[in-house]
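I have placed the structure first, in the form of structure tokens, so that the comments after it can refer back to it.
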Amino acid sequence: MTQTCTREISKADVERFLFAKHITACPACGRFRSQCDLDVQAITCHRAPAASLPTPSTPVDVLMVVCQNCGAIQFHDRTVVAKWLDCQRRAR
């Protein structure tokens, strides 16, 4: 079962996560990301059920990252980002 992340994740948190994972450029236009090059929105979407399992869809909390240069969109699982941030805080 998917655990929902209730912790607030800021744009600065998302930028730290992306840069730590070496995601430093937009995959569509290649522009180097800086503090003004992306917009972050928290949304909940529904994962489609597997074709072989007629079960209801499972909600997934994601962060939608939008390139301000070209409008390309990336999605990152909010729970994964929150766990990474928590690990970074404990490592300090």
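Residue numbering restarts at 1 for every chain of the structure tokens, chains are lettered A, B, ... in their displayed order, and ligands are numbered from 1 as they appear.
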### Query
If you run DSSP on this backbone, which residues of chain A come out as strand (DSSP E or B), and could you give them as a PyMOL selection string?
chain A and resi 25+32+38-47+58-67+73-77
Those residues with C-alpha atoms, as a short mmCIF file (atom, residue, chain, number, x, y, z; two decimals), in the first residue's frame please?
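Printed below is again.cif as written:
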data_model
loop_
_atom_site.label_atom_id
_atom_site.label_comp_id
_atom_site.auth_asym_id
_atom_site.auth_seq_id
_atom_site.Cartn_x
_atom_site.Cartn_y
_atom_site.Cartn_z
CA ALA A 25 18.91 20.27 -16.89
CA PHE A 32 20.43 24.41 -16.88
CA LEU A 38 11.21 25.61 -12.59
CA ASP A 39 7.83 25.62 -10.96
CA VAL A 40 6.73 22.91 -8.51
CA GLN A 41 3.14 21.84 -7.86
CA ALA A 42 1.97 19.09 -5.49
CA ILE A 43 -0.82 17.00 -7.01
CA THR A 44 -2.51 13.67 -6.42
CA CYS A 45 -3.10 11.41 -9.37
CA HIS A 46 -4.47 7.91 -9.70
CA ARG A 47 -2.32 5.02 -10.89
CA THR A 58 -4.44 3.83 -6.15
CA PRO A 59 -3.90 7.55 -5.43
CA VAL A 60 -0.28 8.70 -5.70
CA ASP A 61 1.03 12.02 -4.36
CA VAL A 62 3.45 13.50 -6.85
CA LEU A 63 5.38 16.68 -7.39
CA MET A 64 4.92 18.12 -10.86
CA VAL A 65 8.06 20.00 -11.93
CA VAL A 66 7.52 22.38 -14.86
CA CYS A 67 10.40 23.93 -16.83
CA ILE A 73 6.75 18.48 -17.20
CA GLN A 74 8.38 15.84 -14.98
CA PHE A 75 6.70 13.95 -12.16
CA HIS A 76 8.47 12.78 -8.99
CA ASP A 77 6.87 10.62 -6.30
#
### Query
If you count only C-alpha atoms, which residues fall within 9 Å of Pro27 of chain A, apart from same-chain ones fewer than 3 positions away, as a ChimeraX atom specification?
/A:23,30-31,72,74
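Atom CA of Lys83 of chain A is positioned 29.2 Å from atom CA of Cys70 of chain A.
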### Query
Which of chain A counts as helix (DSSP H, G or I) under DSSP, as number ranges by chain please?
A: 11-20, 78-91
## Note on the structure
Correct to one decimal, the distance atom CA of Ser10 of chain A-atom CA of Gln68 of chain A is 16.9 Å
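Computed from the coordinates, the atom CA of Ala28 of chain A to atom CA of Glu8 of chain A distance equals 27.7 Å.
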Test item: residues at most 12 Å from Lys21 of chain A, only C-alpha atoms, excluding those fewer than 4 positions along its chain, as a CSV table (one decimal) with N, CA and C atoms, in the first residue's frame:
chain,number,residue,atom,x,y,z
A,14,VAL,N,12.8,20.6,-3.4
A,14,VAL,CA,12.8,19.9,-4.7
A,14,VAL,C,14.1,20.1,-5.5
A,15,GLU,N,14.5,21.4,-5.5
A,15,GLU,CA,15.8,21.7,-6.2
A,15,GLU,C,17.0,20.9,-5.6
A,16,ARG,N,17.0,20.8,-4.3
A,16,ARG,CA,18.1,20.1,-3.6
A,16,ARG,C,18.1,18.6,-4.0
A,17,PHE,N,16.9,18.0,-4.1
A,17,PHE,CA,16.7,16.7,-4.5
A,17,PHE,C,17.2,16.5,-5.9
A,25,ALA,N,19.4,19.6,-15.7
A,25,ALA,CA,18.9,20.3,-16.9
A,25,ALA,C,17.5,19.7,-17.3
A,76,HIS,N,7.6,13.5,-10.0
A,76,HIS,CA,8.5,12.8,-9.0
A,76,HIS,C,7.6,12.4,-7.8
A,81,VAL,N,10.8,11.7,-2.5
A,81,VAL,CA,11.5,13.0,-2.3
A,81,VAL,C,11.5,13.3,-0.7
A,84,TRP,N,14.0,11.0,1.0
A,84,TRP,CA,15.4,11.5,0.7
A,84,TRP,C,15.7,12.7,1.6
